[in-house]
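Enquirer: mmCIF, C-alpha atoms, file work18.cif:
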data_structure
loop_
_atom_site.label_atom_id
_atom_site.label_comp_id
_atom_site.auth_asym_id
_atom_site.auth_seq_id
_atom_site.Cartn_x
_atom_site.Cartn_y
_atom_site.Cartn_z
CA MET A 1 -113.92 201.68 -56.78
CA ALA A 2 -114.65 200.51 -60.27
CA ARG A 3 -111.85 198.61 -62.00
CA THR A 4 -110.20 198.79 -65.38
CA THR A 5 -107.77 196.02 -66.34
CA LEU A 6 -108.01 194.53 -62.87
CA THR A 7 -107.92 198.01 -61.38
CA ARG A 8 -110.04 200.75 -60.14
CA THR A 9 -110.76 204.39 -60.62
CA VAL A 10 -111.26 206.25 -63.88
CA LEU A 11 -109.00 209.26 -64.43
CA ALA A 12 -110.89 212.47 -64.06
CA ALA A 13 -108.56 215.22 -65.18
CA VAL A 14 -110.19 217.81 -63.02
CA SER A 15 -110.43 216.81 -59.37
CA ALA A 16 -107.75 216.05 -56.78
CA ALA A 17 -107.13 213.29 -54.34
CA ALA A 18 -104.85 213.07 -51.38
CA LEU A 19 -103.79 209.74 -50.13
CA PHE A 20 -104.02 208.79 -46.38
CA ALA A 21 -102.06 207.74 -43.49
CA LEU A 22 -103.02 204.20 -42.76
CA GLY A 23 -100.92 201.72 -41.77
CA ALA A 24 -98.37 199.40 -40.46
CA CYS A 25 -95.10 198.69 -42.10
CA SER A 26 -92.54 196.38 -40.62
CA SER A 27 -89.77 198.43 -39.06
CA ASP A 28 -86.75 196.19 -39.53
CA ALA A 29 -85.14 195.94 -42.95
CA GLY A 30 -85.17 192.38 -44.13
CA THR A 31 -87.35 191.32 -41.20
CA GLN A 32 -90.08 189.01 -42.40
CA THR A 33 -93.53 188.42 -41.05
CA GLY A 34 -96.13 185.85 -41.81
CA GLY A 35 -96.37 182.20 -41.01
CA GLY A 36 -95.87 179.20 -43.16
CA GLY A 37 -93.26 176.69 -44.10
CA GLU A 38 -89.87 177.23 -45.61
CA THR A 39 -90.93 176.07 -49.04
CA GLY A 40 -93.67 177.26 -51.33
CA ALA A 41 -97.03 175.84 -50.41
CA ALA A 42 -98.49 173.09 -52.42
CA ASP A 43 -100.79 170.33 -51.29
CA ASP A 44 -103.12 172.58 -49.31
CA GLY A 45 -103.36 175.12 -52.13
CA VAL A 46 -101.91 177.95 -50.03
CA ILE A 47 -99.79 180.42 -52.02
CA THR A 48 -96.59 181.47 -50.26
CA LEU A 49 -95.78 184.98 -51.44
CA GLY A 50 -92.69 186.94 -50.45
CA PHE A 51 -93.19 190.70 -50.65
CA SER A 52 -90.43 193.32 -50.29
CA GLN A 53 -91.79 196.81 -49.60
CA VAL A 54 -89.85 200.01 -50.24
CA GLY A 55 -90.32 201.25 -46.68
CA ALA A 56 -92.70 203.42 -44.71
CA GLU A 57 -91.79 206.83 -46.07
CA SER A 58 -95.29 208.24 -46.50
CA GLY A 59 -99.00 207.91 -45.87
CA TRP A 60 -99.31 206.48 -49.37
CA ARG A 61 -96.83 203.71 -48.59
CA ALA A 62 -98.57 202.88 -45.33
CA ALA A 63 -101.88 202.50 -47.15
CA ASN A 64 -100.25 200.41 -49.85
CA THR A 65 -98.76 198.09 -47.23
CA LYS A 66 -102.09 197.80 -45.42
CA SER A 67 -103.86 196.87 -48.65
CA ILE A 68 -101.35 194.09 -49.30
CA GLN A 69 -101.37 192.75 -45.74
CA ASP A 70 -105.17 192.89 -45.50
CA THR A 71 -105.61 191.03 -48.80
CA LEU A 72 -102.90 188.37 -48.79
CA THR A 73 -104.23 186.58 -45.73
CA ALA A 74 -104.60 182.94 -44.75
CA GLU A 75 -108.36 183.33 -45.21
CA ASN A 76 -107.72 184.31 -48.83
CA GLY A 77 -105.34 181.41 -49.44
CA PHE A 78 -102.00 183.15 -48.91
CA ASP A 79 -99.02 182.80 -46.62
CA LEU A 80 -97.49 186.30 -46.80
CA LYS A 81 -93.84 186.84 -45.98
CA PHE A 82 -93.31 190.61 -45.74
CA SER A 83 -90.12 192.66 -45.45
CA ASP A 84 -89.50 196.40 -45.15
CA ALA A 85 -86.41 197.58 -47.08
CA GLN A 86 -86.24 200.96 -45.34
CA GLN A 87 -85.67 202.54 -48.76
CA LYS A 88 -82.42 200.65 -49.37
CA GLN A 89 -81.97 198.59 -52.53
CA GLU A 90 -79.47 196.28 -50.86
CA ASN A 91 -82.12 195.33 -48.29
CA GLN A 92 -84.58 194.46 -51.05
CA ILE A 93 -82.04 192.34 -52.91
CA GLN A 94 -81.25 190.53 -49.66
CA ALA A 95 -84.95 189.92 -49.02
CA ILE A 96 -85.54 188.60 -52.54
CA ARG A 97 -82.61 186.21 -52.23
CA SER A 98 -84.01 185.04 -48.91
CA TYR A 99 -87.37 184.33 -50.56
CA ILE A 100 -85.59 182.37 -53.30
CA THR A 101 -83.77 180.30 -50.66
CA GLN A 102 -87.06 179.64 -48.86
CA GLY A 103 -88.65 178.47 -52.10
CA VAL A 104 -91.70 180.72 -52.04
CA ASP A 105 -94.29 180.36 -54.78
CA VAL A 106 -94.25 184.00 -55.89
CA ILE A 107 -92.06 187.04 -55.24
CA ALA A 108 -93.48 190.55 -55.44
CA PHE A 109 -91.83 193.86 -54.69
CA SER A 110 -91.97 197.61 -55.19
CA PRO A 111 -88.44 198.57 -56.32
CA VAL A 112 -86.66 201.34 -54.44
CA VAL A 113 -84.99 202.45 -57.69
CA GLU A 114 -85.34 201.43 -61.33
CA THR A 115 -81.93 199.95 -62.08
CA GLY A 116 -79.72 197.19 -60.73
CA TRP A 117 -82.20 194.30 -60.57
CA ASP A 118 -81.23 191.99 -63.42
CA ALA A 119 -78.92 189.70 -61.44
CA VAL A 120 -81.30 188.93 -58.58
CA LEU A 121 -84.31 188.64 -60.90
CA GLN A 122 -82.35 186.17 -63.02
CA GLU A 123 -81.74 184.16 -59.85
CA ALA A 124 -85.49 184.04 -59.23
CA LYS A 125 -86.15 183.04 -62.85
CA THR A 126 -83.55 180.27 -62.65
CA ALA A 127 -85.24 179.01 -59.49
CA GLY A 128 -88.58 178.96 -61.32
CA ILE A 129 -90.17 181.58 -59.06
CA PRO A 130 -92.36 184.17 -60.87
CA VAL A 131 -91.89 187.82 -59.96
CA ILE A 132 -94.57 190.52 -59.94
CA LEU A 133 -93.73 194.23 -59.77
CA THR A 134 -96.07 196.54 -57.88
CA ASP A 135 -96.26 200.34 -57.88
CA ARG A 136 -92.83 200.89 -59.44
CA ALA A 137 -91.12 199.50 -62.54
CA VAL A 138 -87.60 198.24 -63.15
CA ASP A 139 -85.38 199.39 -66.02
CA SER A 140 -84.38 196.15 -67.70
CA SER A 141 -84.06 195.08 -71.32
CA ASP A 142 -85.20 191.56 -70.36
CA GLU A 143 -88.92 191.63 -69.66
CA THR A 144 -88.95 187.86 -69.11
CA LEU A 145 -87.49 188.52 -65.65
CA TYR A 146 -90.94 189.46 -64.33
CA GLU A 147 -94.49 188.38 -65.10
CA SER A 148 -96.40 191.64 -64.73
CA PHE A 149 -96.15 195.21 -63.46
CA ILE A 150 -99.15 196.63 -61.60
CA GLY A 151 -99.14 200.37 -60.96
CA SER A 152 -100.16 203.87 -61.93
CA ASP A 153 -98.95 205.79 -64.98
CA PHE A 154 -96.54 208.20 -63.28
CA VAL A 155 -95.85 210.18 -66.45
CA LEU A 156 -99.58 210.77 -66.86
CA GLU A 157 -99.81 211.88 -63.23
CA GLY A 158 -97.13 214.51 -63.84
CA GLU A 159 -98.79 215.56 -67.08
CA THR A 160 -102.15 215.96 -65.37
CA ALA A 161 -100.59 218.14 -62.68
CA GLY A 162 -98.76 220.23 -65.26
CA GLN A 163 -101.79 220.64 -67.51
CA TRP A 164 -103.83 221.98 -64.60
CA ALA A 165 -101.03 224.40 -63.71
CA VAL A 166 -100.98 225.69 -67.28
CA GLU A 167 -104.77 226.05 -67.36
CA GLN A 168 -104.72 228.03 -64.13
CA TYR A 169 -101.51 230.04 -64.24
CA ASP A 170 -100.12 230.34 -67.78
CA GLY A 171 -99.63 233.99 -68.68
CA GLU A 172 -98.83 235.04 -65.12
CA GLY A 173 -95.09 234.35 -65.28
CA TYR A 174 -95.12 231.90 -62.39
CA LYS A 175 -91.84 230.77 -60.88
CA ALA A 176 -92.08 227.17 -59.66
CA VAL A 177 -89.98 224.96 -57.41
CA GLU A 178 -90.09 221.18 -57.53
CA LEU A 179 -89.88 218.74 -54.63
CA GLN A 180 -88.71 215.53 -56.29
CA GLY A 181 -89.16 212.00 -55.01
CA THR A 182 -86.28 209.65 -54.26
CA THR A 183 -83.49 210.00 -56.82
CA GLY A 184 -83.62 207.13 -59.31
CA ALA A 185 -87.13 206.02 -58.32
CA ALA A 186 -89.60 205.49 -61.16
CA PRO A 187 -92.27 207.89 -59.83
CA ALA A 188 -89.69 210.65 -59.34
CA ILE A 189 -88.30 210.24 -62.86
CA ASP A 190 -91.68 209.93 -64.56
CA ARG A 191 -93.60 212.61 -62.66
CA LYS A 192 -90.84 215.11 -63.39
CA GLU A 193 -90.91 214.16 -67.07
CA GLY A 194 -94.68 214.44 -67.28
CA PHE A 195 -94.90 217.79 -65.51
CA GLU A 196 -92.11 219.36 -67.53
CA SER A 197 -93.62 218.19 -70.82
CA ALA A 198 -97.00 219.62 -69.85
CA ILE A 199 -95.70 223.09 -68.97
CA GLU A 200 -93.46 223.29 -72.04
CA GLY A 201 -94.50 226.28 -74.12
CA SER A 202 -96.11 228.05 -71.16
CA ASP A 203 -94.48 230.83 -69.14
CA ILE A 204 -94.32 228.70 -65.99
CA GLU A 205 -90.65 228.29 -65.13
CA ILE A 206 -89.08 225.77 -62.75
CA ILE A 207 -86.38 227.78 -60.99
CA ASP A 208 -85.21 225.10 -58.54
CA SER A 209 -85.64 221.35 -58.10
CA GLN A 210 -84.37 219.02 -55.39
CA THR A 211 -85.21 215.65 -53.90
CA GLY A 212 -87.18 215.43 -50.69
CA ASN A 213 -87.16 211.61 -50.72
CA PHE A 214 -90.96 211.46 -50.57
CA THR A 215 -90.93 212.37 -46.84
CA ARG A 216 -92.65 215.20 -45.00
CA ALA A 217 -89.57 216.08 -42.95
CA GLU A 218 -87.29 216.39 -45.98
CA GLY A 219 -89.99 218.21 -47.92
CA LYS A 220 -90.03 220.84 -45.18
CA THR A 221 -86.24 221.10 -45.08
CA VAL A 222 -85.89 221.46 -48.84
CA MET A 223 -88.70 224.01 -48.98
CA GLU A 224 -86.96 226.05 -46.29
CA GLY A 225 -83.89 226.07 -48.52
CA PHE A 226 -85.94 227.16 -51.52
CA LEU A 227 -87.46 230.04 -49.54
CA ASN A 228 -84.05 231.18 -48.36
CA ALA A 229 -82.65 231.06 -51.89
CA HIS A 230 -85.57 232.59 -53.78
CA ASP A 231 -87.94 235.45 -52.96
CA ASP A 232 -90.11 234.99 -56.04
CA ILE A 233 -91.63 231.50 -55.62
CA ASP A 234 -95.23 231.34 -56.89
CA LEU A 235 -95.80 227.59 -57.17
CA VAL A 236 -94.65 224.34 -55.59
CA PHE A 237 -94.92 221.04 -57.47
CA ALA A 238 -94.39 218.18 -55.00
CA HIS A 239 -94.06 214.61 -56.25
CA ASN A 240 -96.19 213.41 -53.33
CA ASP A 241 -98.52 214.75 -50.65
CA ASP A 242 -96.12 214.23 -47.77
CA MET A 243 -93.49 216.52 -49.26
CA GLY A 244 -96.25 219.02 -50.06
CA LEU A 245 -97.39 218.91 -46.44
CA GLY A 246 -93.81 219.54 -45.34
CA ALA A 247 -93.66 222.50 -47.71
CA ILE A 248 -96.80 223.89 -46.10
CA GLU A 249 -95.06 223.88 -42.72
CA ALA A 250 -92.07 225.75 -44.15
CA ILE A 251 -94.24 228.29 -45.96
CA GLU A 252 -96.29 229.01 -42.85
CA ALA A 253 -93.12 229.33 -40.75
CA ALA A 254 -91.92 231.96 -43.23
CA GLY A 255 -95.07 233.99 -42.57
CA LEU A 256 -96.67 233.19 -45.92
CA THR A 257 -100.04 231.61 -46.70
CA PRO A 258 -99.87 228.25 -48.52
CA GLY A 259 -102.42 227.96 -51.29
CA GLU A 260 -102.55 231.74 -51.66
CA ASP A 261 -99.12 233.38 -51.54
CA ILE A 262 -97.59 230.18 -52.89
CA LYS A 263 -99.74 227.71 -54.83
CA ILE A 264 -99.17 223.99 -54.23
CA ILE A 265 -99.79 220.99 -56.51
CA THR A 266 -99.11 217.47 -55.26
CA ILE A 267 -99.60 213.83 -56.22
CA ASP A 268 -101.05 210.97 -54.13
CA ALA A 269 -104.36 212.01 -52.55
CA VAL A 270 -103.90 210.59 -49.07
CA LYS A 271 -106.30 211.85 -46.42
CA ASP A 272 -103.89 214.37 -44.90
CA GLY A 273 -103.26 215.83 -48.33
CA MET A 274 -106.94 215.83 -49.22
CA GLN A 275 -107.75 217.63 -45.98
CA ALA A 276 -105.13 220.27 -46.76
CA LEU A 277 -106.70 220.62 -50.22
CA ALA A 278 -110.17 220.99 -48.72
CA ASP A 279 -108.75 223.63 -46.35
CA GLY A 280 -107.26 225.57 -49.26
CA LYS A 281 -103.60 225.00 -48.32
CA ILE A 282 -103.05 222.78 -51.37
CA ASN A 283 -104.58 223.81 -54.69
CA TYR A 284 -104.71 220.57 -56.69
CA ILE A 285 -103.92 216.90 -56.17
CA VAL A 286 -103.53 214.09 -58.69
CA GLU A 287 -104.34 210.68 -57.27
CA CYS A 288 -102.05 207.67 -57.17
CA ASN A 289 -104.14 204.75 -55.96
CA PRO A 290 -102.31 202.62 -53.36
CA LEU A 291 -104.84 199.82 -52.97
CA LEU A 292 -102.96 197.25 -55.03
CA GLY A 293 -103.48 194.22 -52.78
CA PRO A 294 -106.49 192.77 -54.65
CA ASP A 295 -104.76 193.12 -58.02
CA LEU A 296 -101.60 191.47 -56.69
CA ALA A 297 -103.63 188.55 -55.32
CA ASP A 298 -105.45 188.11 -58.65
CA ILE A 299 -102.26 188.15 -60.71
CA ALA A 300 -100.42 185.77 -58.36
CA LYS A 301 -103.23 183.23 -58.61
CA LYS A 302 -103.39 183.48 -62.40
CA VAL A 303 -99.63 183.19 -62.85
CA LEU A 304 -99.47 180.04 -60.71
CA ALA A 305 -102.46 178.59 -62.57
CA GLY A 306 -100.58 179.02 -65.84
CA GLU A 307 -102.97 181.67 -67.14
CA GLU A 308 -101.78 184.49 -69.38
CA VAL A 309 -101.55 187.86 -67.65
CA GLU A 310 -101.02 191.35 -69.01
CA LYS A 311 -97.45 192.60 -68.82
CA ARG A 312 -98.53 196.09 -67.78
CA ILE A 313 -101.62 196.71 -65.67
CA VAL A 314 -102.33 200.42 -65.29
CA VAL A 315 -104.19 201.75 -62.29
CA LYS A 316 -106.34 204.66 -63.41
CA ASP A 317 -106.39 207.61 -61.06
CA GLU A 318 -108.54 210.66 -60.37
CA ALA A 319 -107.58 214.27 -59.73
CA PHE A 320 -109.09 216.74 -57.28
CA ASP A 321 -109.61 220.44 -56.79
CA GLN A 322 -110.86 221.91 -53.51
CA GLU A 323 -114.57 221.23 -54.02
CA ALA A 324 -113.94 217.68 -55.25
CA ALA A 325 -111.78 217.01 -52.18
CA LYS A 326 -114.52 218.20 -49.83
CA GLU A 327 -116.97 215.88 -51.56
CA ALA A 328 -114.63 212.88 -51.50
CA LEU A 329 -113.26 213.13 -47.96
CA PRO A 330 -116.24 211.72 -45.98
CA THR A 331 -116.01 208.34 -47.73
CA ARG A 332 -112.30 208.31 -48.51
CA GLU A 333 -110.73 204.88 -47.98
CA TYR A 334 -107.18 206.13 -47.60
#
Turn this file's structure into structure tokens for me.
Expert:
Amino acid sequence: MARTTLTRTVLAAVSAAALFALGACSSDAGTQTGGGGETGAADDGVITLGFSQVGAESGWRAANTKSIQDTLTAENGFDLKFSDAQQKQENQIQAIRSYITQGVDVIAFSPVVETGWDAVLQEAKTAGIPVILTDRAVDSSDETLYESFIGSDFVLEGETAGQWAVEQYDGEGYKAVELQGTTGAAPAIDRKEGFESAIEGSDIEIIDSQTGNFTRAEGKTVMEGFLNAHDDIDLVFAHNDDMGLGAIEAIEAAGLTPGEDIKIITIDAVKDGMQALADGKINYIVECNPLLGPDLADIAKKVLAGEEVEKRIVVKDEAFDQEAAKEALPTREY
């Protein structure tokens, strides 16, 4: 894909993308993989990078992990130390402190939630270890605690989804339910904000909203609750494909037709989601590109070389309707 500011795809506000199910995340929180010494590499030029991943909650996350592990290899000059936090902030903080103790060259992580990072990031700064944020931001007044943040514009993703909903359904009095991502996570906060701002002034009404923790299983469970509580649901807005796919299961189990009786809009564009879009079970998907490995490698090298890097690197995303999904699927990378 073409890049912009070290990144790839150009936002097309009228197509939809579902993200994939690649992958291989480590299963033990705090467990680290990757060879190398206990201190940051030096004489041989190898960069020792400690990465703490959120978990393995979705196809998107699996693809994101695969991109990082496939890029930060010995062949590319890296000694990757990888840990899976299993969606627990305490596991990530423990992993980061372990990387500090080991004396890695760079620390990178995708924060489980936005807040509560200042203390451990200050420890990394004091140790002289640069930190790079990927996918998700932290809420801190001290931006010197990290070098750069690489990721999508989650507010824009929500806005794009909401704008399409207004274009398609405004004037029809649609009642919508929202499957939110993990409470306190940047994408959950921002996608909700963006969607709500986009539908403001329309007659689309969100009648219920609950977290599904970005997982298919919880998306199904929450959707079952919505269907039991409301008999007038017209639209589902899911913060990621996996929750949308779970909602499809619940809708079908209730004897309704997803994509027809109840419209569905999701964010991510993994392959499973894209296939559901092509099949007409999802109506629109906004992409969130997970292939951040190359950008992370570039930034890590520049930071260690003393080069100036941008504080915020935005990954531009596409959006897909049914026909666009059918066209994209044969060559989809994730």
Enquirer: Care to translate the PyMOL selection byres ((chain A and resi 276) around 12) into actual residues of this file, as an mmCIF file with C-alpha atoms, in the frame of the given file?
Expert:
data_model
loop_
_atom_site.group_PDB
_atom_site.id
_atom_site.type_symbol
_atom_site.label_atom_id
_atom_site.label_comp_id
_atom_site.auth_asym_id
_atom_site.auth_seq_id
_atom_site.Cartn_x
_atom_site.Cartn_y
_atom_site.Cartn_z
ATOM 1 C CA ALA A 16 -107.750 216.050 -56.780
ATOM 2 C CA ALA A 17 -107.130 213.290 -54.340
ATOM 3 C CA ALA A 18 -104.850 213.070 -51.380
ATOM 4 C CA LEU A 19 -103.790 209.740 -50.130
ATOM 5 C CA PHE A 20 -104.020 208.790 -46.380
ATOM 6 C CA ASP A 241 -98.520 214.750 -50.650
ATOM 7 C CA ASP A 242 -96.120 214.230 -47.770
ATOM 8 C CA GLY A 244 -96.250 219.020 -50.060
ATOM 9 C CA LEU A 245 -97.390 218.910 -46.440
ATOM 10 C CA GLY A 246 -93.810 219.540 -45.340
ATOM 11 C CA ALA A 247 -93.660 222.500 -47.710
ATOM 12 C CA ILE A 248 -96.800 223.890 -46.100
ATOM 13 C CA GLU A 249 -95.060 223.880 -42.720
ATOM 14 C CA PRO A 258 -99.870 228.250 -48.520
ATOM 15 C CA GLY A 259 -102.420 227.960 -51.290
ATOM 16 C CA ILE A 264 -99.170 223.990 -54.230
ATOM 17 C CA ILE A 265 -99.790 220.990 -56.510
ATOM 18 C CA THR A 266 -99.110 217.470 -55.260
ATOM 19 C CA ALA A 269 -104.360 212.010 -52.550
ATOM 20 C CA VAL A 270 -103.900 210.590 -49.070
ATOM 21 C CA LYS A 271 -106.300 211.850 -46.420
ATOM 22 C CA ASP A 272 -103.890 214.370 -44.900
ATOM 23 C CA GLY A 273 -103.260 215.830 -48.330
ATOM 24 C CA MET A 274 -106.940 215.830 -49.220
ATOM 25 C CA GLN A 275 -107.750 217.630 -45.980
ATOM 26 C CA LEU A 277 -106.700 220.620 -50.220
ATOM 27 C CA ALA A 278 -110.170 220.990 -48.720
ATOM 28 C CA ASP A 279 -108.750 223.630 -46.350
ATOM 29 C CA GLY A 280 -107.260 225.570 -49.260
ATOM 30 C CA LYS A 281 -103.600 225.000 -48.320
ATOM 31 C CA ILE A 282 -103.050 222.780 -51.370
ATOM 32 C CA ASN A 283 -104.580 223.810 -54.690
ATOM 33 C CA TYR A 284 -104.710 220.570 -56.690
ATOM 34 C CA ILE A 285 -103.920 216.900 -56.170
ATOM 35 C CA PHE A 320 -109.090 216.740 -57.280
ATOM 36 C CA ASP A 321 -109.610 220.440 -56.790
ATOM 37 C CA GLN A 322 -110.860 221.910 -53.510
ATOM 38 C CA GLU A 323 -114.570 221.230 -54.020
ATOM 39 C CA ALA A 325 -111.780 217.010 -52.180
ATOM 40 C CA LYS A 326 -114.520 218.200 -49.830
ATOM 41 C CA LEU A 329 -113.260 213.130 -47.960
#
Enquirer: Spell out the residues picked by the PyMOL selection byres ((chain A and resi 292) around 8) here, as a list in words.
Expert: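 That selection, the PyMOL selection byres ((chain A and resi 292) around 8), comes back as Asn64, Ser67, Ile68, Thr134, Asp135, Ile150, Gly151, Asn289, Pro290, Leu291, Gly293, Pro294, Asp295 and Leu296 of chain A.
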Enquirer: Evaluate the PyMOL selection byres ((chain A and resi 310) around 12) and record the selected residues as an MDAnalysis selection string, following the chain and residue labels used in the document.
Expert: chainID A and resid 5:6 132 146:150 295 298:299 302:303 307:309 311:314
Enquirer: From the set A:Ala253, A:Ala165, A:Leu145, A:Val104, which residue has the shortest atom-to-atom contact distance to A:Ile199, counting only C-alpha atoms?
Expert: A:Ala165
Enquirer: Could you tell me which of A:Ser52, A:Asn213, A:Ala127, A:Asn76 comes closest to A:Ile107 if we count all atoms listed in the file?
Expert: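 Ranked by minimum distance to A:Ile107, first place goes to A:Ser52.
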Enquirer: How many Å lie between atom CA of A:Val106 and atom CA of A:Cys288, rounded to one decimal?
Expert: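 We find that atom CA of A:Val106 and atom CA of A:Cys288 lie 25.0 Å from each other.
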Enquirer: Within 6 Å of (-82.8, 196.2, -63.4) in the file's own coordinates, which protein, DNA or RNA residues have an atom, counting all atoms listed in the file? List them as a PyMOL selection string.
Expert: chain A and resi 115-118+138-140
Enquirer: Using atom CA of A:Gln69 and atom CA of A:Leu133 as the two end points, give the distance in Å to one decimal.
Expert: 16.0 Å
Enquirer: Please return, as a VMD selection string, all polymer residues that have at least one atom within 8 Å of the point (-92.6, 209.1, -55.8); use all atoms listed in the file and the file's own coordinate frame.
Expert: chain A and resid 180 to 182 185 to 188 191 213 to 214 239 to 240
